[in-house]
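This report concerns only the one structure given below.
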Amino acid sequence: QVQLVQSGGGLVQPGGSLRLSCVASQFTLNYYTVGWFRQTPGKEREGVSCISNSGESPYYTDSVKGRFTISRDHAKNTVYLQMNSLKPEDTATYFCARSIYTTCGTMQRTAEYDSWGQGTEVTVSS
């Protein structure tokens, strides 16, 4: 069964850092473009960052540029989201997802992603 398993997340103070991991089960994640999304109650899922299967030209939404870094480890079949200088407005449930396309685009449509992680909570609070 195709599966994405997330880890990381938790509670951190403003200005702190967290790293989220997304590991693929039953398929090779390296072949796919992978995105990270986040969602807060009552709001639509927002595209945060994306990395293509080639790793070139990753996408970041404006609010996280310069603070978040997406990367992939081919040997571990894993995609990471390193989150630095966290702000209270980064508080959300974060999801990784596998894209059906080979490029990131602007992550406007969640329907372009066909497999999702279980979600992990990130809370930024003092």
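Labeling convention for the structure tokens: chains A, B, ... as they appear, residues from 1 per chain, ligands from 1 in order of appearance.
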
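Once Gly9 of chain A and its same-chain neighbours fewer than 6 positions away are set aside, Ser17, Leu18, Arg19, Leu20, Ser21, Met83, Ala92, Thr93, Tyr94, Gly119, Thr120, Glu121, Val122 and Thr123 of chain A remain within 10 Å of it when counting only C-alpha atoms.
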
Expected file: the selected residues, all heavy atoms, as a short mmCIF file (atom, residue, chain, number, x, y, z; two decimals), in the first residue's frame:
data_model
loop_
_atom_site.label_atom_id
_atom_site.label_comp_id
_atom_site.auth_asym_id
_atom_site.auth_seq_id
_atom_site.Cartn_x
_atom_site.Cartn_y
_atom_site.Cartn_z
N SER A 17 13.23 26.31 15.82
CA SER A 17 13.31 25.51 14.58
C SER A 17 12.72 24.12 14.80
O SER A 17 12.74 23.59 15.91
CB SER A 17 14.78 25.35 14.16
OG SER A 17 15.37 26.59 13.86
N LEU A 18 12.21 23.59 13.71
CA LEU A 18 11.74 22.20 13.67
C LEU A 18 12.06 21.62 12.31
O LEU A 18 12.16 22.36 11.32
CB LEU A 18 10.23 22.12 13.90
CG LEU A 18 9.69 22.36 15.31
CD1 LEU A 18 8.16 22.43 15.25
CD2 LEU A 18 10.14 21.28 16.26
N ARG A 19 12.17 20.31 12.25
CA ARG A 19 12.33 19.64 10.97
C ARG A 19 11.27 18.56 10.83
O ARG A 19 11.14 17.69 11.70
CB ARG A 19 13.72 19.02 10.82
CG ARG A 19 13.97 18.49 9.42
CD ARG A 19 15.36 17.94 9.24
NE ARG A 19 15.52 16.61 9.83
CZ ARG A 19 16.50 15.78 9.53
NH1 ARG A 19 17.43 16.14 8.65
NH2 ARG A 19 16.58 14.61 10.11
N LEU A 20 10.57 18.63 9.74
CA LEU A 20 9.57 17.62 9.41
C LEU A 20 10.16 16.63 8.41
O LEU A 20 10.91 17.03 7.51
CB LEU A 20 8.32 18.26 8.81
CG LEU A 20 7.66 19.36 9.63
CD1 LEU A 20 6.39 19.84 8.90
CD2 LEU A 20 7.35 18.90 11.03
N SER A 21 9.79 15.36 8.57
CA SER A 21 10.25 14.32 7.66
C SER A 21 9.06 13.63 7.02
O SER A 21 8.00 13.49 7.65
CB SER A 21 11.09 13.29 8.40
OG SER A 21 12.23 13.87 8.98
N MET A 83 12.36 24.05 9.15
CA MET A 83 11.64 25.28 9.44
C MET A 83 12.39 26.06 10.52
O MET A 83 12.51 25.58 11.66
CB MET A 83 10.22 24.97 9.91
CG MET A 83 9.43 24.11 8.93
SD MET A 83 7.72 23.82 9.43
CE MET A 83 7.97 22.87 10.92
N ALA A 92 0.08 25.15 12.58
CA ALA A 92 -0.84 24.47 11.66
C ALA A 92 -0.56 22.97 11.71
O ALA A 92 0.41 22.52 12.34
CB ALA A 92 -0.64 24.97 10.24
N THR A 93 -1.42 22.23 11.05
CA THR A 93 -1.14 20.84 10.76
C THR A 93 -0.47 20.78 9.39
O THR A 93 -0.99 21.33 8.42
CB THR A 93 -2.41 19.99 10.76
OG1 THR A 93 -3.04 20.09 12.05
CG2 THR A 93 -2.08 18.53 10.49
N TYR A 94 0.66 20.12 9.34
CA TYR A 94 1.45 20.06 8.11
C TYR A 94 1.31 18.67 7.48
O TYR A 94 1.33 17.65 8.17
CB TYR A 94 2.92 20.35 8.41
CG TYR A 94 3.20 21.81 8.65
CD1 TYR A 94 2.75 22.45 9.80
CD2 TYR A 94 3.87 22.58 7.70
CE1 TYR A 94 2.99 23.80 10.02
CE2 TYR A 94 4.11 23.94 7.91
CZ TYR A 94 3.66 24.53 9.07
OH TYR A 94 3.89 25.87 9.26
N GLY A 119 -0.31 13.82 8.47
CA GLY A 119 -0.37 15.13 9.10
C GLY A 119 0.39 15.14 10.41
O GLY A 119 0.42 14.14 11.14
N THR A 120 1.01 16.28 10.69
CA THR A 120 1.72 16.45 11.95
C THR A 120 1.51 17.87 12.45
O THR A 120 1.53 18.82 11.68
CB THR A 120 3.23 16.14 11.78
OG1 THR A 120 3.88 16.18 13.04
CG2 THR A 120 3.91 17.12 10.86
N GLU A 121 1.30 18.00 13.74
CA GLU A 121 1.00 19.29 14.33
C GLU A 121 2.29 20.07 14.60
O GLU A 121 3.27 19.55 15.12
CB GLU A 121 0.27 19.10 15.65
CG GLU A 121 -1.07 18.42 15.54
CD GLU A 121 -2.13 19.35 15.00
OE1 GLU A 121 -1.95 20.58 15.09
OE2 GLU A 121 -3.13 18.86 14.46
N VAL A 122 2.24 21.34 14.23
CA VAL A 122 3.30 22.29 14.58
C VAL A 122 2.65 23.44 15.33
O VAL A 122 1.73 24.07 14.81
CB VAL A 122 4.02 22.80 13.32
CG1 VAL A 122 4.98 23.94 13.67
CG2 VAL A 122 4.77 21.67 12.63
N THR A 123 3.13 23.67 16.53
CA THR A 123 2.61 24.76 17.35
C THR A 123 3.75 25.67 17.74
O THR A 123 4.74 25.22 18.34
CB THR A 123 1.91 24.23 18.62
OG1 THR A 123 0.86 23.33 18.23
CG2 THR A 123 1.33 25.37 19.43
#

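Contact shell of Ser57 of chain A at 12 Å (only C-alpha atoms; same-chain neighbours under 2 positions omitted): Thr33, Ser49, Cys50, Ile51, Ser52, Asn53, Ser54, Gly55, Tyr59, Tyr60, Thr69, Ile70, Ser71, Thr102, Thr103, Cys104, Gly105 and Thr106 of chain A.
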
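Note that the spacing between atom CA of Gly35 of chain A and atom CA of Leu86 of chain A amounts to 19.0 Å.
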
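As for atom CA of Gly15 of chain A and atom CA of Glu56 of chain A, they are spaced 27.8 Å apart.
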
### Task
Mind listing the helix (DSSP H, G or I) residues of chain A, per DSSP on the backbone, as a PyMOL selection string?
chain A and resi 29-31+62-64+74-76+88-90+110-112

Give me a file of those residues, with all heavy atoms, as an mmCIF file, in the first residue's frame.
data_model
loop_
_atom_site.group_PDB
_atom_site.id
_atom_site.type_symbol
_atom_site.label_atom_id
_atom_site.label_comp_id
_atom_site.auth_asym_id
_atom_site.auth_seq_id
_atom_site.Cartn_x
_atom_site.Cartn_y
_atom_site.Cartn_z
ATOM 1 N N LEU A 29 10.141 7.398 -3.497
ATOM 2 C CA LEU A 29 9.768 8.808 -3.444
ATOM 3 C C LEU A 29 10.648 9.659 -4.350
ATOM 4 O O LEU A 29 10.227 10.716 -4.823
ATOM 5 C CB LEU A 29 9.871 9.291 -1.992
ATOM 6 C CG LEU A 29 9.279 10.636 -1.659
ATOM 7 C CD1 LEU A 29 7.782 10.672 -1.951
ATOM 8 C CD2 LEU A 29 9.553 10.998 -0.207
ATOM 9 N N ASN A 30 11.858 9.193 -4.610
ATOM 10 C CA ASN A 30 12.801 9.959 -5.413
ATOM 11 C C ASN A 30 12.274 10.264 -6.811
ATOM 12 O O ASN A 30 12.713 11.221 -7.446
ATOM 13 C CB ASN A 30 14.124 9.193 -5.537
ATOM 14 C CG ASN A 30 14.725 8.864 -4.187
ATOM 15 O OD1 ASN A 30 14.493 9.569 -3.214
ATOM 16 N ND2 ASN A 30 15.487 7.793 -4.119
ATOM 17 N N TYR A 31 11.372 9.453 -7.312
ATOM 18 C CA TYR A 31 10.855 9.638 -8.666
ATOM 19 C C TYR A 31 9.780 10.730 -8.742
ATOM 20 O O TYR A 31 9.351 11.092 -9.841
ATOM 21 C CB TYR A 31 10.246 8.347 -9.188
ATOM 22 C CG TYR A 31 11.215 7.208 -9.322
ATOM 23 C CD1 TYR A 31 10.768 5.883 -9.274
ATOM 24 C CD2 TYR A 31 12.572 7.423 -9.516
ATOM 25 C CE1 TYR A 31 11.645 4.819 -9.401
ATOM 26 C CE2 TYR A 31 13.456 6.362 -9.640
ATOM 27 C CZ TYR A 31 12.988 5.063 -9.587
ATOM 28 O OH TYR A 31 13.852 4.007 -9.705
ATOM 29 N N ASP A 62 5.367 32.748 -0.259
ATOM 30 C CA ASP A 62 6.067 33.976 0.143
ATOM 31 C C ASP A 62 6.305 34.065 1.651
ATOM 32 O O ASP A 62 7.346 34.551 2.094
ATOM 33 C CB ASP A 62 5.280 35.198 -0.327
ATOM 34 C CG ASP A 62 5.401 35.416 -1.828
ATOM 35 O OD1 ASP A 62 6.295 34.813 -2.451
ATOM 36 O OD2 ASP A 62 4.591 36.199 -2.368
ATOM 37 N N SER A 63 5.356 33.617 2.419
ATOM 38 C CA SER A 63 5.449 33.805 3.870
ATOM 39 C C SER A 63 6.551 32.975 4.532
ATOM 40 O O SER A 63 6.904 33.237 5.686
ATOM 41 C CB SER A 63 4.104 33.493 4.537
ATOM 42 O OG SER A 63 3.762 32.140 4.326
ATOM 43 N N VAL A 64 7.100 31.999 3.824
ATOM 44 C CA VAL A 64 8.140 31.153 4.432
ATOM 45 C C VAL A 64 9.495 31.297 3.748
ATOM 46 O O VAL A 64 10.478 30.696 4.182
ATOM 47 C CB VAL A 64 7.729 29.664 4.450
ATOM 48 C CG1 VAL A 64 6.363 29.494 5.084
ATOM 49 C CG2 VAL A 64 7.774 29.046 3.060
ATOM 50 N N HIS A 74 17.877 10.921 -1.106
ATOM 51 C CA HIS A 74 17.502 9.798 -1.964
ATOM 52 C C HIS A 74 17.766 8.461 -1.288
ATOM 53 O O HIS A 74 16.992 7.515 -1.442
ATOM 54 C CB HIS A 74 18.260 9.896 -3.288
ATOM 55 C CG HIS A 74 17.824 11.042 -4.132
ATOM 56 N ND1 HIS A 74 16.637 11.045 -4.819
ATOM 57 C CD2 HIS A 74 18.392 12.241 -4.385
ATOM 58 C CE1 HIS A 74 16.503 12.179 -5.479
ATOM 59 N NE2 HIS A 74 17.546 12.934 -5.230
ATOM 60 N N ALA A 75 18.862 8.376 -0.562
ATOM 61 C CA ALA A 75 19.205 7.104 0.080
ATOM 62 C C ALA A 75 18.174 6.692 1.124
ATOM 63 O O ALA A 75 17.945 5.491 1.336
ATOM 64 C CB ALA A 75 20.587 7.220 0.719
ATOM 65 N N LYS A 76 17.550 7.682 1.753
ATOM 66 C CA LYS A 76 16.568 7.396 2.801
ATOM 67 C C LYS A 76 15.134 7.479 2.299
ATOM 68 O O LYS A 76 14.199 7.315 3.095
ATOM 69 C CB LYS A 76 16.763 8.360 3.976
ATOM 70 C CG LYS A 76 18.108 8.185 4.676
ATOM 71 C CD LYS A 76 18.237 9.109 5.866
ATOM 72 C CE LYS A 76 19.562 8.880 6.584
ATOM 73 N NZ LYS A 76 19.710 9.777 7.764
ATOM 74 N N PRO A 88 4.374 32.442 15.299
ATOM 75 C CA PRO A 88 3.070 31.902 15.716
ATOM 76 C C PRO A 88 2.135 31.618 14.538
ATOM 77 O O PRO A 88 1.364 30.649 14.580
ATOM 78 C CB PRO A 88 2.513 33.010 16.611
ATOM 79 C CG PRO A 88 3.734 33.652 17.186
ATOM 80 C CD PRO A 88 4.742 33.629 16.081
ATOM 81 N N GLU A 89 2.230 32.404 13.486
ATOM 82 C CA GLU A 89 1.358 32.184 12.329
ATOM 83 C C GLU A 89 1.736 30.947 11.519
ATOM 84 O O GLU A 89 1.025 30.573 10.579
ATOM 85 C CB GLU A 89 1.335 33.417 11.415
ATOM 86 C CG GLU A 89 2.697 33.962 11.035
ATOM 87 C CD GLU A 89 3.140 35.104 11.936
ATOM 88 O OE1 GLU A 89 2.957 35.019 13.172
ATOM 89 O OE2 GLU A 89 3.702 36.084 11.390
ATOM 90 N N ASP A 90 2.849 30.306 11.844
ATOM 91 C CA ASP A 90 3.206 29.040 11.220
ATOM 92 C C ASP A 90 2.498 27.860 11.882
ATOM 93 O O ASP A 90 2.585 26.724 11.392
ATOM 94 C CB ASP A 90 4.722 28.803 11.299
ATOM 95 C CG ASP A 90 5.522 29.805 10.494
ATOM 96 O OD1 ASP A 90 5.115 30.117 9.357
ATOM 97 O OD2 ASP A 90 6.552 30.282 11.009
ATOM 98 N N THR A 110 -4.790 21.083 -4.640
ATOM 99 C CA THR A 110 -4.469 19.856 -3.915
ATOM 100 C C THR A 110 -4.830 18.614 -4.716
ATOM 101 O O THR A 110 -4.291 17.532 -4.464
ATOM 102 C CB THR A 110 -5.187 19.825 -2.564
ATOM 103 O OG1 THR A 110 -6.599 19.957 -2.779
ATOM 104 C CG2 THR A 110 -4.711 20.947 -1.652
ATOM 105 N N ALA A 111 -5.720 18.744 -5.704
ATOM 106 C CA ALA A 111 -6.108 17.599 -6.529
ATOM 107 C C ALA A 111 -4.946 17.078 -7.369
ATOM 108 O O ALA A 111 -5.019 15.964 -7.898
ATOM 109 C CB ALA A 111 -7.269 17.985 -7.434
ATOM 110 N N GLU A 112 -3.865 17.856 -7.474
ATOM 111 C CA GLU A 112 -2.688 17.421 -8.218
ATOM 112 C C GLU A 112 -1.806 16.480 -7.401
ATOM 113 O O GLU A 112 -0.798 16.017 -7.887
ATOM 114 C CB GLU A 112 -1.881 18.641 -8.647
ATOM 115 C CG GLU A 112 -2.622 19.535 -9.633
ATOM 116 C CD GLU A 112 -1.827 20.766 -10.016
ATOM 117 O OE1 GLU A 112 -0.718 20.938 -9.492
ATOM 118 O OE2 GLU A 112 -2.335 21.551 -10.844
#

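The closest residue to Gly66 of chain A, picked from A:Ser85, A:Lys43, A:Cys96, A:Val5 and counting only C-alpha atoms, is A:Ser85.
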
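Residues in contact range of Leu4 of chain A, defined as at most 6 Å between only C-alpha atoms, with sequence neighbours fewer than 6 positions away removed, read Val23, Ala24 and Gly117 of chain A.
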
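When only C-alpha atoms are used to measure the gap to Glu46 of chain A, the shortest distance among A:Gln118, A:Arg109, A:Val2, A:Ser125 belongs to A:Arg109.
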
### Which of chain A fall in strand (DSSP E), as a VMD selection string
chain A and resid 3 to 7 10 to 12 18 to 25 34 to 39 46 to 51 59 to 60 68 to 73 78 to 83 92 to 99 113 to 116 120 to 124

### Query
Mind pulling up the distance from atom CA of Asp73 of chain A to atom CA of Arg98 of chain A?
15.2 Å

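Using only C-alpha atoms, the nearest neighbour of Val48 of chain A within the list A:Gln26, A:Ser126, A:Gln82, A:Gln1 is A:Gln82.
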